[in-house]
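Reproduced below: run_24.cif, with mmCIF, C-alpha atoms.
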data_model
#
loop_
_atom_site.label_atom_id
_atom_site.label_comp_id
_atom_site.auth_asym_id
_atom_site.auth_seq_id
_atom_site.Cartn_x
_atom_site.Cartn_y
_atom_site.Cartn_z
CA MET A 1 -27.40 -36.23 -5.28
CA CYS A 2 -24.88 -33.41 -4.69
CA PHE A 3 -21.79 -33.58 -2.51
CA ARG A 4 -19.22 -31.29 -0.93
CA TRP A 5 -15.83 -32.26 0.46
CA ILE A 6 -14.64 -31.71 4.04
CA GLY A 7 -10.93 -32.37 4.49
CA GLY A 8 -11.01 -35.00 1.73
CA ASN A 9 -14.29 -36.55 2.99
CA LYS A 10 -17.53 -36.55 1.00
CA GLN A 11 -20.62 -34.80 2.46
CA ILE A 12 -24.12 -34.73 0.93
CA ILE A 13 -25.68 -31.36 0.07
CA MET A 14 -29.23 -31.32 1.41
CA LYS A 15 -32.43 -29.28 1.34
CA ILE A 16 -33.13 -28.35 4.97
CA VAL A 17 -36.06 -26.58 6.64
CA ILE A 18 -35.46 -25.16 10.11
CA ALA A 19 -38.69 -24.51 12.04
CA THR A 20 -38.42 -22.24 15.06
CA ASP A 21 -40.78 -20.26 17.26
CA ALA A 22 -37.95 -17.90 18.28
CA TYR A 23 -35.75 -16.17 15.72
CA TYR A 24 -33.99 -12.94 14.91
CA PRO A 25 -34.74 -10.19 15.94
CA GLN A 26 -36.02 -11.85 19.12
CA ILE A 27 -33.35 -11.55 21.81
CA ILE A 28 -33.14 -14.93 23.53
CA GLY A 29 -30.36 -17.51 23.49
CA SER A 30 -32.06 -20.10 21.31
CA SER A 31 -32.84 -17.53 18.60
CA TYR A 32 -29.11 -16.76 18.33
CA ALA A 33 -28.28 -20.47 18.17
CA VAL A 34 -30.81 -21.12 15.41
CA TYR A 35 -29.71 -18.02 13.46
CA ASN A 36 -26.05 -19.08 13.53
CA LEU A 37 -26.82 -22.69 12.61
CA ALA A 38 -29.01 -21.69 9.65
CA HIS A 39 -26.37 -19.33 8.27
CA GLY A 40 -23.60 -21.84 8.89
CA LEU A 41 -25.43 -24.56 6.96
CA LYS A 42 -26.13 -22.14 4.11
CA GLU A 43 -22.49 -21.02 3.93
CA VAL A 44 -21.26 -24.58 3.36
CA GLY A 45 -23.66 -25.12 0.47
CA HIS A 46 -26.92 -26.54 1.81
CA SER A 47 -30.31 -25.19 0.71
CA VAL A 48 -31.80 -23.75 3.90
CA THR A 49 -35.21 -22.22 4.59
CA VAL A 50 -36.21 -20.96 8.05
CA PHE A 51 -39.83 -20.99 9.26
CA ALA A 52 -40.17 -18.30 11.95
CA PRO A 53 -42.75 -15.93 13.48
CA THR A 54 -43.22 -12.45 12.03
CA ALA A 55 -41.60 -9.52 13.79
CA TYR A 56 -44.32 -7.38 12.19
CA GLY A 57 -47.11 -7.64 9.62
CA ARG A 58 -48.62 -10.69 7.97
CA ASN A 59 -47.15 -13.83 6.42
CA HIS A 60 -44.25 -12.92 4.17
CA ASN A 61 -40.94 -14.12 2.79
CA GLU A 62 -37.69 -12.25 3.38
CA LYS A 63 -33.96 -12.57 2.89
CA ILE A 64 -31.58 -12.22 5.83
CA GLY A 65 -28.14 -12.20 4.30
CA ASN A 66 -28.28 -15.07 1.80
CA LEU A 67 -30.85 -16.98 3.82
CA GLU A 68 -34.52 -17.51 2.91
CA VAL A 69 -36.87 -16.87 5.86
CA ASP A 70 -40.60 -17.61 5.73
CA ARG A 71 -42.37 -15.50 8.32
CA PHE A 72 -45.75 -16.56 9.69
CA ILE A 73 -48.10 -14.09 11.32
CA ALA A 74 -47.57 -13.85 15.07
CA LEU A 75 -48.71 -11.71 17.96
CA PRO A 76 -46.83 -10.74 21.14
CA ILE A 77 -47.75 -12.57 24.32
CA PRO A 78 -49.58 -9.95 26.45
CA TRP A 79 -47.37 -10.42 29.51
CA GLN A 80 -44.11 -10.72 27.51
CA GLN A 81 -44.25 -8.23 24.64
CA ASP A 82 -40.85 -9.25 23.25
CA ILE A 83 -41.99 -12.89 22.82
CA ARG A 84 -44.26 -13.67 19.86
CA THR A 85 -46.35 -16.71 18.99
CA ALA A 86 -47.44 -17.71 15.48
CA LEU A 87 -51.12 -18.05 14.57
CA THR A 88 -51.26 -19.82 11.18
CA PRO A 89 -50.43 -23.55 11.32
CA ILE A 90 -52.10 -24.26 7.96
CA SER A 91 -49.68 -21.87 6.20
CA VAL A 92 -46.74 -23.75 7.73
CA LEU A 93 -48.07 -27.05 6.40
CA GLU A 94 -48.65 -25.65 2.90
CA ARG A 95 -45.16 -24.16 2.69
CA LEU A 96 -43.54 -27.39 3.86
CA ARG A 97 -45.46 -29.30 1.19
CA ARG A 98 -44.07 -26.98 -1.53
CA ILE A 99 -40.44 -27.18 -0.38
CA LYS A 100 -40.35 -30.95 0.32
CA PRO A 101 -37.05 -30.83 2.24
CA ASP A 102 -34.71 -33.75 2.83
CA VAL A 103 -34.73 -32.99 6.56
CA LEU A 104 -36.85 -30.89 8.90
CA HIS A 105 -35.11 -29.50 11.99
CA ILE A 106 -37.49 -28.21 14.70
CA HIS A 107 -36.23 -26.07 17.59
CA HIS A 108 -39.32 -25.38 19.74
CA PRO A 109 -42.46 -27.35 20.65
CA PHE A 110 -44.87 -24.49 19.97
CA LEU A 111 -47.18 -23.67 17.09
CA ILE A 112 -44.67 -23.42 14.22
CA GLY A 113 -42.76 -26.44 15.46
CA ARG A 114 -45.89 -28.53 16.00
CA SER A 115 -47.37 -27.52 12.66
CA ALA A 116 -44.13 -28.43 10.89
CA LEU A 117 -43.99 -31.77 12.69
CA THR A 118 -47.55 -32.58 11.58
CA GLY A 119 -46.62 -31.75 8.00
CA ALA A 120 -43.43 -33.79 8.15
CA ARG A 121 -45.31 -36.87 9.32
CA LEU A 122 -47.87 -36.49 6.52
CA LEU A 123 -45.12 -36.02 3.93
CA HIS A 124 -42.74 -38.63 5.42
CA ILE A 125 -39.95 -36.08 5.97
CA PRO A 126 -37.21 -37.15 8.44
CA THR A 127 -37.32 -34.90 11.49
CA VAL A 128 -34.73 -33.75 13.99
CA ILE A 129 -35.85 -31.93 17.14
CA THR A 130 -33.52 -29.85 19.28
CA ASN A 131 -34.65 -29.11 22.81
CA HIS A 132 -33.63 -25.67 24.11
CA LEU A 133 -36.23 -25.60 26.88
CA LEU A 134 -35.69 -26.16 30.56
CA PRO A 135 -39.10 -26.19 32.27
CA GLU A 136 -37.98 -23.87 35.09
CA SER A 137 -36.84 -21.30 32.55
CA PHE A 138 -39.92 -21.69 30.35
CA LEU A 139 -42.36 -21.32 33.25
CA MET A 140 -40.76 -18.01 34.24
CA PHE A 141 -42.47 -16.46 31.20
CA LEU A 142 -45.94 -17.24 32.59
CA PRO A 143 -47.90 -14.48 34.36
CA LYS A 144 -48.01 -15.92 37.85
CA GLN A 145 -47.27 -14.19 41.12
CA GLY A 146 -44.91 -15.52 43.77
CA THR A 147 -41.29 -16.36 44.38
CA PHE A 148 -38.69 -17.81 42.05
CA ASN A 149 -39.73 -21.31 43.18
CA ARG A 150 -43.42 -20.72 42.42
CA TYR A 151 -43.43 -23.07 39.42
CA GLU A 152 -42.33 -26.28 41.16
CA GLY A 153 -45.79 -27.84 41.01
CA ASP A 154 -45.91 -27.42 37.22
CA LEU A 155 -42.56 -29.04 36.38
CA LYS A 156 -43.91 -32.57 35.85
CA PHE A 157 -46.51 -31.35 33.35
CA THR A 158 -43.98 -29.23 31.47
CA TRP A 159 -41.45 -32.05 31.19
CA HIS A 160 -44.25 -34.23 29.82
CA PHE A 161 -45.04 -31.51 27.27
CA VAL A 162 -41.40 -31.18 26.16
CA VAL A 163 -40.44 -34.87 26.13
CA GLY A 164 -43.71 -35.97 24.54
CA PHE A 165 -42.98 -33.66 21.63
CA CYS A 166 -39.36 -34.81 21.32
CA ASN A 167 -40.43 -38.47 21.23
CA LYS A 168 -42.14 -37.82 17.87
CA ALA A 169 -38.80 -37.05 16.17
CA CYS A 170 -36.46 -39.39 14.31
CA PHE A 171 -33.56 -37.98 16.29
CA VAL A 172 -33.18 -35.52 19.19
CA THR A 173 -30.37 -33.18 20.15
CA SER A 174 -29.81 -30.78 23.00
CA PRO A 175 -26.77 -28.55 23.58
CA THR A 176 -25.08 -30.42 26.45
CA GLN A 177 -24.75 -33.89 27.94
CA LYS A 178 -26.69 -32.68 30.98
CA ALA A 179 -29.53 -31.49 28.74
CA VAL A 180 -29.72 -34.89 27.01
CA SER A 181 -29.58 -36.72 30.35
CA LEU A 182 -32.51 -34.66 31.66
CA LEU A 183 -34.60 -35.61 28.64
CA LYS A 184 -33.81 -39.29 29.13
CA GLU A 185 -34.58 -39.07 32.85
CA HIS A 186 -38.01 -37.70 31.97
CA GLY A 187 -38.90 -40.35 29.40
CA LEU A 188 -37.12 -39.66 26.11
CA LYS A 189 -37.20 -42.82 24.00
CA VAL A 190 -35.66 -41.85 20.64
CA LYS A 191 -31.95 -41.70 19.82
CA ALA A 192 -30.31 -38.51 21.08
CA LYS A 193 -26.94 -36.79 21.37
CA ALA A 194 -25.47 -33.53 22.64
CA VAL A 195 -24.61 -30.94 19.99
CA SER A 196 -23.34 -27.58 21.22
CA ASN A 197 -25.17 -24.40 20.26
CA GLY A 198 -21.78 -23.27 18.98
CA ILE A 199 -19.94 -19.96 19.10
CA GLU A 200 -18.44 -17.82 16.34
CA LEU A 201 -14.75 -17.84 17.26
CA ASN A 202 -13.95 -15.33 14.53
CA ARG A 203 -16.38 -12.89 16.18
CA PHE A 204 -15.75 -13.54 19.88
CA ASN A 205 -12.05 -13.61 20.73
CA PRO A 206 -9.56 -11.88 23.07
CA HIS A 207 -7.99 -9.85 20.24
CA ARG A 208 -10.86 -7.39 19.97
CA ASP A 209 -10.57 -3.90 21.46
CA GLY A 210 -13.37 -2.56 23.64
CA GLU A 211 -11.66 0.43 25.20
CA TYR A 212 -14.01 2.77 23.33
CA LEU A 213 -16.86 1.17 25.30
CA ARG A 214 -15.04 1.86 28.57
CA GLN A 215 -14.97 5.53 27.56
CA ARG A 216 -18.56 5.54 26.28
CA PHE A 217 -19.93 4.23 29.57
CA SER A 218 -17.35 5.95 31.84
CA ILE A 219 -16.17 2.67 33.32
CA PRO A 220 -13.34 3.21 35.84
CA GLN A 221 -9.89 1.66 35.49
CA GLU A 222 -10.61 -1.05 38.02
CA PRO A 223 -11.16 -4.79 37.74
CA VAL A 224 -14.41 -5.30 35.84
CA VAL A 225 -16.90 -8.09 36.57
CA LEU A 226 -19.24 -8.67 33.63
CA TYR A 227 -22.67 -10.20 33.18
CA THR A 228 -24.31 -10.31 29.75
CA GLY A 229 -27.76 -11.65 28.98
CA ARG A 230 -31.43 -11.24 29.55
CA LEU A 231 -32.52 -9.39 32.69
CA SER A 232 -35.24 -11.81 33.70
CA GLU A 233 -36.03 -13.70 36.85
CA GLU A 234 -34.43 -17.06 36.03
CA LYS A 235 -31.05 -15.41 35.29
CA ARG A 236 -30.80 -14.41 38.98
CA VAL A 237 -28.83 -11.22 38.41
CA ASP A 238 -30.16 -10.22 41.83
CA ILE A 239 -27.69 -12.70 43.34
CA LEU A 240 -24.82 -10.88 41.67
CA ILE A 241 -26.01 -7.48 42.90
CA LYS A 242 -26.38 -8.80 46.45
CA ALA A 243 -22.81 -10.13 46.24
CA ILE A 244 -21.32 -6.72 45.47
CA PRO A 245 -21.09 -5.42 49.08
CA TYR A 246 -19.18 -8.58 50.08
CA VAL A 247 -16.77 -8.11 47.17
CA LEU A 248 -16.14 -4.42 47.87
CA ARG A 249 -15.14 -5.15 51.46
CA ASN A 250 -12.12 -7.01 50.08
CA ILE A 251 -11.16 -5.46 46.71
CA LYS A 252 -11.97 -2.61 44.38
CA ALA A 253 -14.11 -3.65 41.42
CA HIS A 254 -16.71 -2.36 39.01
CA PHE A 255 -19.70 -4.37 37.79
CA LEU A 256 -20.92 -4.25 34.21
CA ILE A 257 -24.41 -5.55 33.41
CA THR A 258 -25.10 -5.75 29.68
CA GLY A 259 -28.54 -6.66 28.40
CA ASP A 260 -32.17 -5.82 29.01
CA GLY A 261 -35.40 -7.46 30.07
CA PRO A 262 -38.44 -7.25 32.31
CA LEU A 263 -36.42 -6.94 35.55
CA ARG A 264 -34.25 -4.01 34.45
CA GLU A 265 -35.87 -1.45 36.77
CA VAL A 266 -36.25 -3.98 39.60
CA LEU A 267 -32.49 -4.62 39.48
CA ARG A 268 -31.72 -0.90 39.43
CA LEU A 269 -33.85 -0.45 42.55
CA LEU A 270 -32.11 -3.43 44.17
CA ALA A 271 -28.74 -1.79 43.51
CA LYS A 272 -29.96 1.34 45.28
CA LYS A 273 -31.29 -0.69 48.19
CA TYR A 274 -27.86 -2.27 48.67
CA LYS A 275 -26.16 1.12 48.09
CA VAL A 276 -23.99 -0.20 45.27
CA GLU A 277 -25.49 1.68 42.30
CA LYS A 278 -22.33 3.74 41.76
CA PHE A 279 -20.34 0.51 41.36
CA ILE A 280 -22.62 -0.83 38.61
CA THR A 281 -23.02 0.21 34.97
CA PHE A 282 -26.16 -0.96 33.19
CA THR A 283 -25.41 -0.67 29.48
CA GLY A 284 -28.69 -1.99 28.09
CA PHE A 285 -28.51 -3.85 24.78
CA LEU A 286 -25.46 -3.21 22.61
CA ASN A 287 -25.63 -3.31 18.84
CA HIS A 288 -24.33 -6.31 16.89
CA ASP A 289 -20.90 -4.82 16.16
CA ASP A 290 -20.22 -3.49 19.67
CA TYR A 291 -21.44 -6.47 21.64
CA PRO A 292 -18.37 -8.78 21.31
CA ASP A 293 -16.10 -5.91 22.38
CA ILE A 294 -17.68 -5.56 25.81
CA TYR A 295 -16.00 -8.80 26.91
CA THR A 296 -12.53 -7.43 26.23
CA ILE A 297 -12.75 -4.77 28.96
CA ALA A 298 -13.79 -7.34 31.57
CA ASP A 299 -11.53 -9.27 33.93
CA LEU A 300 -14.10 -11.86 34.98
CA PHE A 301 -17.46 -13.11 33.74
CA VAL A 302 -20.27 -14.17 36.10
CA MET A 303 -23.26 -16.35 35.24
CA PRO A 304 -25.58 -16.63 38.27
CA SER A 305 -28.47 -18.24 36.34
CA LEU A 306 -30.19 -21.31 37.75
CA CYS A 307 -31.73 -22.36 34.41
CA GLU A 308 -29.07 -23.03 31.77
CA LEU A 309 -29.05 -25.96 29.36
CA GLN A 310 -25.80 -24.50 28.03
CA SER A 311 -25.47 -20.67 28.20
CA ILE A 312 -24.45 -18.89 25.03
CA SER A 313 -23.29 -15.88 27.05
CA THR A 314 -20.87 -18.11 28.93
CA LEU A 315 -19.57 -19.51 25.64
CA GLU A 316 -18.96 -15.94 24.47
CA ALA A 317 -17.01 -15.21 27.64
CA LEU A 318 -14.86 -18.33 27.20
CA ALA A 319 -14.15 -17.41 23.58
CA SER A 320 -13.08 -13.96 24.78
CA GLY A 321 -10.51 -15.52 27.11
CA LEU A 322 -12.21 -14.74 30.41
CA PRO A 323 -12.28 -16.75 33.62
CA VAL A 324 -15.86 -17.52 34.68
CA VAL A 325 -17.65 -17.86 37.99
CA ALA A 326 -20.99 -19.64 37.52
CA ALA A 327 -23.71 -21.32 39.55
CA ARG A 328 -23.19 -25.04 40.16
CA LYS A 329 -26.45 -25.86 38.42
CA TYR A 330 -27.58 -27.87 35.38
CA ALA A 331 -25.18 -27.57 32.41
CA LEU A 332 -22.91 -24.77 33.60
CA PRO A 333 -20.35 -27.23 35.10
CA GLU A 334 -19.74 -28.52 31.56
CA LEU A 335 -18.29 -25.11 30.64
CA VAL A 336 -16.73 -24.07 33.95
CA HIS A 337 -14.16 -26.46 35.37
CA PRO A 338 -13.37 -25.47 38.98
CA GLY A 339 -9.78 -24.39 39.48
CA GLU A 340 -9.07 -24.60 35.74
CA ASN A 341 -11.00 -21.84 33.96
CA GLY A 342 -13.01 -20.50 36.88
CA PHE A 343 -15.11 -21.55 39.84
CA LEU A 344 -18.62 -22.77 40.57
CA PHE A 345 -20.58 -21.28 43.45
CA LYS A 346 -23.48 -22.58 45.52
CA PRO A 347 -26.66 -21.70 43.58
CA GLY A 348 -28.44 -18.74 45.13
CA SER A 349 -25.59 -17.87 47.52
CA SER A 350 -24.40 -14.29 47.10
CA GLU A 351 -21.77 -14.78 49.77
CA ASP A 352 -20.24 -17.80 48.04
CA LEU A 353 -20.36 -15.98 44.70
CA ALA A 354 -18.59 -12.99 46.25
CA GLY A 355 -15.86 -15.20 47.68
CA LYS A 356 -15.16 -16.75 44.28
CA ILE A 357 -15.06 -13.32 42.59
CA VAL A 358 -12.56 -12.06 45.15
CA LYS A 359 -10.43 -15.20 44.78
CA VAL A 360 -10.04 -14.70 41.02
CA LEU A 361 -9.57 -10.93 41.01
CA SER A 362 -7.03 -11.04 43.83
CA ASN A 363 -4.67 -13.25 41.86
CA SER A 364 -3.55 -11.92 38.46
CA GLY A 365 -1.64 -15.12 37.70
CA MET A 366 -4.73 -17.23 38.33
CA LYS A 367 -6.85 -14.92 36.18
CA GLU A 368 -4.43 -15.19 33.25
CA ARG A 369 -4.10 -18.97 33.56
CA MET A 370 -7.84 -19.46 33.74
CA GLY A 371 -8.42 -17.23 30.74
CA LYS A 372 -6.08 -19.39 28.65
CA LYS A 373 -7.91 -22.52 29.77
CA SER A 374 -11.23 -20.97 28.71
CA LEU A 375 -9.84 -20.57 25.20
CA GLU A 376 -8.92 -24.27 25.13
CA ILE A 377 -12.33 -25.40 26.36
CA VAL A 378 -14.29 -23.28 23.89
CA LYS A 379 -12.56 -24.81 20.85
CA LEU A 380 -14.91 -27.79 21.21
CA HIS A 381 -17.85 -25.42 20.71
CA SER A 382 -16.95 -23.65 17.46
CA SER A 383 -19.82 -22.89 15.05
CA GLN A 384 -17.99 -24.87 12.37
CA ARG A 385 -17.94 -27.95 14.56
CA THR A 386 -21.65 -27.53 15.33
CA VAL A 387 -22.52 -27.36 11.62
CA GLU A 388 -20.47 -30.49 10.92
CA GLU A 389 -22.16 -32.35 13.79
CA TYR A 390 -25.59 -31.49 12.43
CA GLU A 391 -24.58 -32.59 8.94
CA LYS A 392 -23.84 -36.02 10.43
CA VAL A 393 -27.18 -36.06 12.24
CA TYR A 394 -29.09 -35.09 9.10
CA SER A 395 -27.39 -37.75 6.96
CA ASN A 396 -28.16 -40.27 9.69
CA VAL A 397 -31.90 -39.58 9.71
CA LYS A 398 -32.14 -39.19 5.93
CA TYR A 399 -29.95 -42.07 4.75
CA GLY A 400 -29.58 -44.23 7.84
CA TYR A 401 -25.87 -43.65 8.48
CA GLU A 402 -23.36 -40.88 9.18
CA LEU A 403 -21.20 -39.82 6.25
CA GLN A 404 -17.62 -39.45 7.40
#
Now that the file is in, can you turn its structure into structure tokens?
Amino acid sequence: MCFRWIGGNKQIIMKIVIATDAYYPQIIGSSYAVYNLAHGLKEVGHSVTVFAPTAYGRNHNEKIGNLEVDRFIALPIPWQQDIRTALTPISVLERLRRIKPDVLHIHHPFLIGRSALTGARLLHIPTVITNHLLPESFLMFLPKQGTFNRYEGDLKFTWHFVVGFCNKACFVTSPTQKAVSLLKEHGLKVKAKAVSNGIELNRFNPHRDGEYLRQRFSIPQEPVVLYTGRLSEEKRVDILIKAIPYVLRNIKAHFLITGDGPLREVLRLLAKKYKVEKFITFTGFLNHDDYPDIYTIADLFVMPSLCELQSISTLEALASGLPVVAARKYALPELVHPGENGFLFKPGSSEDLAGKIVKVLSNSGMKERMGKKSLEIVKLHSSQRTVEEYEKVYSNVKYGYELQ
């Protein structure tokens, strides 16, 4: 048995397999969280292998940095070409048998995750499952016509699908207290705790300089309201666009929308319909090095999503020292404390969102104070802390207690 030392305390070095149905280069929040956790565990000395879908080609092994990644053949979902699903459960089982890890950590209840869970039960490998899925958000990926509320009849089935899978683990985590509470409300029986997705504080911080991005995208020298993330239905960026006319009646501002997704052109057309297209810059995806810098040219971050179990984009904004206005829905109130580091608005209300934006941007002292509070709040969500929390979870399921 190998050990490392954390601040004078002993910690076991383990062989860990992370099984995920979403991973780099897929651009969704959970793939970032899994990527950062895997690299963080590797950096502190653990042996880590990631099971993930292929981005191209057949089953293969690759190195990403110093991390071993086993890719299993996958095909894009016809109605969501940027989402892939694996096809070879037997290969997952065979690879797990060869590695024989101390702990298996599963992040999604789909084919790779389910195949790995089957193998772990056959091989008596302790298993941790992290739930990143909120049924409302998951159902938005299905090809079904209607309004945003079209999925309500399917929620009970989807919760059963998610919680039934989680109940087969030795231990369950989810990124926030709200996320854990939702699992318990829908029938979770096994031991569970909240462990943040984490944020790289050395990468996202207010000391970066993004002025070159202001020049690249010709962003005016006015207060900037930023949204970053996927442009898909559940993120409700339409609410932000509809709020812009209300904001502009009171103050000058420019709106920066960074990211891409299936609703990109729909949102551009919506901006034209509301005659605010000249007040919005759509940047598309930014590369890895540029992305953290976009936060530094913003004065305020907005998260209008109705489907967040945490929100990595909001964590990035907090780490960048920004005040945040977010929907009062699910886990967002755990990151946004009204009157302290931002405000919460009535979900779906563009008028209420606009009022909160104006309130922050009209008061420079409030904006500065709230930005400082964001930096305090985000300290609890550092990637280092997340790695240490998972080390405790792993030692608990492997050896029956937490090493301190």
Set out as JSON lines a contact list for region 184-246 of chain A and region 324-345 of chain A with a cut-off of 10 Å, giving each residue of region 184-246 of chain A that qualifies its closest atom pair and distance in Å to one decimal, counting only C-alpha atoms, ordered by chain and rising residue number.
{"residue": "A:Val225", "atom": "CA", "partner": "A:Val324", "partner_atom": "CA", "distance": 9.7}
{"residue": "A:Leu226", "atom": "CA", "partner": "A:Val324", "partner_atom": "CA", "distance": 9.5}
{"residue": "A:Arg236", "atom": "CA", "partner": "A:Ala327", "partner_atom": "CA", "distance": 9.9}
Tell me which residues the PyMOL selection byres ((chain A and resi 112-127) around 7) grabs here, as a tab-separated table (two decimals) with C-alpha atoms, keeping the file's coordinate frame.
chain	number	residue	atom	x	y	z
A	19	ALA	CA	-38.69	-24.51	12.04
A	20	THR	CA	-38.42	-22.24	15.06
A	21	ASP	CA	-40.78	-20.26	17.26
A	86	ALA	CA	-47.44	-17.71	15.48
A	89	PRO	CA	-50.43	-23.55	11.32
A	92	VAL	CA	-46.74	-23.75	7.73
A	93	LEU	CA	-48.07	-27.05	6.40
A	96	LEU	CA	-43.54	-27.39	3.86
A	102	ASP	CA	-34.71	-33.75	2.83
A	103	VAL	CA	-34.73	-32.99	6.56
A	104	LEU	CA	-36.85	-30.89	8.90
A	105	HIS	CA	-35.11	-29.50	11.99
A	106	ILE	CA	-37.49	-28.21	14.70
A	107	HIS	CA	-36.23	-26.07	17.59
A	108	HIS	CA	-39.32	-25.38	19.74
A	109	PRO	CA	-42.46	-27.35	20.65
A	110	PHE	CA	-44.87	-24.49	19.97
A	111	LEU	CA	-47.18	-23.67	17.09
A	128	VAL	CA	-34.73	-33.75	13.99
A	129	ILE	CA	-35.85	-31.93	17.14
A	169	ALA	CA	-38.80	-37.05	16.17
A	170	CYS	CA	-36.46	-39.39	14.31
A	171	PHE	CA	-33.56	-37.98	16.29
A	397	VAL	CA	-31.90	-39.58	9.71
A	398	LYS	CA	-32.14	-39.19	5.93
Could you list the residues chosen by the PyMOL selection byres ((chain A and resi 206-213) around 12) in this structure as a PyMOL selection string? chain A and resi 201-205+214-221+256+258+281+283+286-287+289-299+316-323+368+371-372+374-375
Between A:Gly40, A:Ser313, A:Glu265, A:Lys359, which residue has the minimum interatomic distance to Arg230 (chain A), considering only C-alpha atoms? A:Ser313
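One finds CA of His46 (chain A) at 13.7 Å from CA of Ile99 (chain A).
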Result set of the PyMOL selection byres ((chain A and resi 51-67) around 9) on the coordinates above, as a PDB file with C-alpha atoms, in the frame of the given file:
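Written out: expr19.pdb:
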ATOM      1  CA  VAL A  17     -36.060 -26.580   6.640  1.00  0.00           C
ATOM      2  CA  ILE A  18     -35.460 -25.160  10.110  1.00  0.00           C
ATOM      3  CA  ALA A  19     -38.690 -24.510  12.040  1.00  0.00           C
ATOM      4  CA  THR A  20     -38.420 -22.240  15.060  1.00  0.00           C
ATOM      5  CA  ASP A  21     -40.780 -20.260  17.260  1.00  0.00           C
ATOM      6  CA  ALA A  22     -37.950 -17.900  18.280  1.00  0.00           C
ATOM      7  CA  TYR A  23     -35.750 -16.170  15.720  1.00  0.00           C
ATOM      8  CA  TYR A  24     -33.990 -12.940  14.910  1.00  0.00           C
ATOM      9  CA  PRO A  25     -34.740 -10.190  15.940  1.00  0.00           C
ATOM     10  CA  GLN A  26     -36.020 -11.850  19.120  1.00  0.00           C
ATOM     11  CA  ALA A  38     -29.010 -21.690   9.650  1.00  0.00           C
ATOM     12  CA  HIS A  39     -26.370 -19.330   8.270  1.00  0.00           C
ATOM     13  CA  LYS A  42     -26.130 -22.140   4.110  1.00  0.00           C
ATOM     14  CA  GLU A  43     -22.490 -21.020   3.930  1.00  0.00           C
ATOM     15  CA  SER A  47     -30.310 -25.190   0.710  1.00  0.00           C
ATOM     16  CA  VAL A  48     -31.800 -23.750   3.900  1.00  0.00           C
ATOM     17  CA  THR A  49     -35.210 -22.220   4.590  1.00  0.00           C
ATOM     18  CA  VAL A  50     -36.210 -20.960   8.050  1.00  0.00           C
ATOM     19  CA  GLU A  68     -34.520 -17.510   2.910  1.00  0.00           C
ATOM     20  CA  VAL A  69     -36.870 -16.870   5.860  1.00  0.00           C
ATOM     21  CA  ASP A  70     -40.600 -17.610   5.730  1.00  0.00           C
ATOM     22  CA  ARG A  71     -42.370 -15.500   8.320  1.00  0.00           C
ATOM     23  CA  PHE A  72     -45.750 -16.560   9.690  1.00  0.00           C
ATOM     24  CA  ILE A  73     -48.100 -14.090  11.320  1.00  0.00           C
ATOM     25  CA  ALA A  74     -47.570 -13.850  15.070  1.00  0.00           C
ATOM     26  CA  LEU A  75     -48.710 -11.710  17.960  1.00  0.00           C
ATOM     27  CA  ARG A  84     -44.260 -13.670  19.860  1.00  0.00           C
ATOM     28  CA  THR A  85     -46.350 -16.710  18.990  1.00  0.00           C
ATOM     29  CA  ALA A  86     -47.440 -17.710  15.480  1.00  0.00           C
ATOM     30  CA  LEU A  87     -51.120 -18.050  14.570  1.00  0.00           C
ATOM     31  CA  THR A  88     -51.260 -19.820  11.180  1.00  0.00           C
ATOM     32  CA  SER A  91     -49.680 -21.870   6.200  1.00  0.00           C
ATOM     33  CA  VAL A  92     -46.740 -23.750   7.730  1.00  0.00           C
ATOM     34  CA  ILE A 112     -44.670 -23.420  14.220  1.00  0.00           C
ATOM     35  CA  GLY A 113     -42.760 -26.440  15.460  1.00  0.00           C
ATOM     36  CA  ALA A 116     -44.130 -28.430  10.890  1.00  0.00           C
TER      37      ALA A 116
END
Atomic separation - CA of Ser382 (chain A) relative to CA of Ile199 (chain A), Å: 5.0 Å
Check the smallest atom-to-atom distance from each of A:Gly348, A:Pro304, A:Gly45, A:Gly29 to Glu391 (chain A) using all atoms listed in the file, then report the winner. A:Gly45
Write out as a PyMOL selection string each polymer residue whose atoms come within 10 Å of Tyr390 (chain A), counting only C-alpha atoms; drop sequence neighbours fewer than 4 positions from it. chain A and resi 37+41+105+128+173+195-196+385-386+394-396
Let me see the file: selected residues, C-alpha atoms, as a compact mmCIF listing (two decimals), in the frame of the given file.
# COMPACT_ATOMS: atom_id res chain seq x y z
CA LEU A 37 -26.82 -22.69 12.61
CA LEU A 41 -25.43 -24.56 6.96
CA HIS A 105 -35.11 -29.50 11.99
CA VAL A 128 -34.73 -33.75 13.99
CA THR A 173 -30.37 -33.18 20.15
CA VAL A 195 -24.61 -30.94 19.99
CA SER A 196 -23.34 -27.58 21.22
CA ARG A 385 -17.94 -27.95 14.56
CA THR A 386 -21.65 -27.53 15.33
CA TYR A 394 -29.09 -35.09 9.10
CA SER A 395 -27.39 -37.75 6.96
CA ASN A 396 -28.16 -40.27 9.69
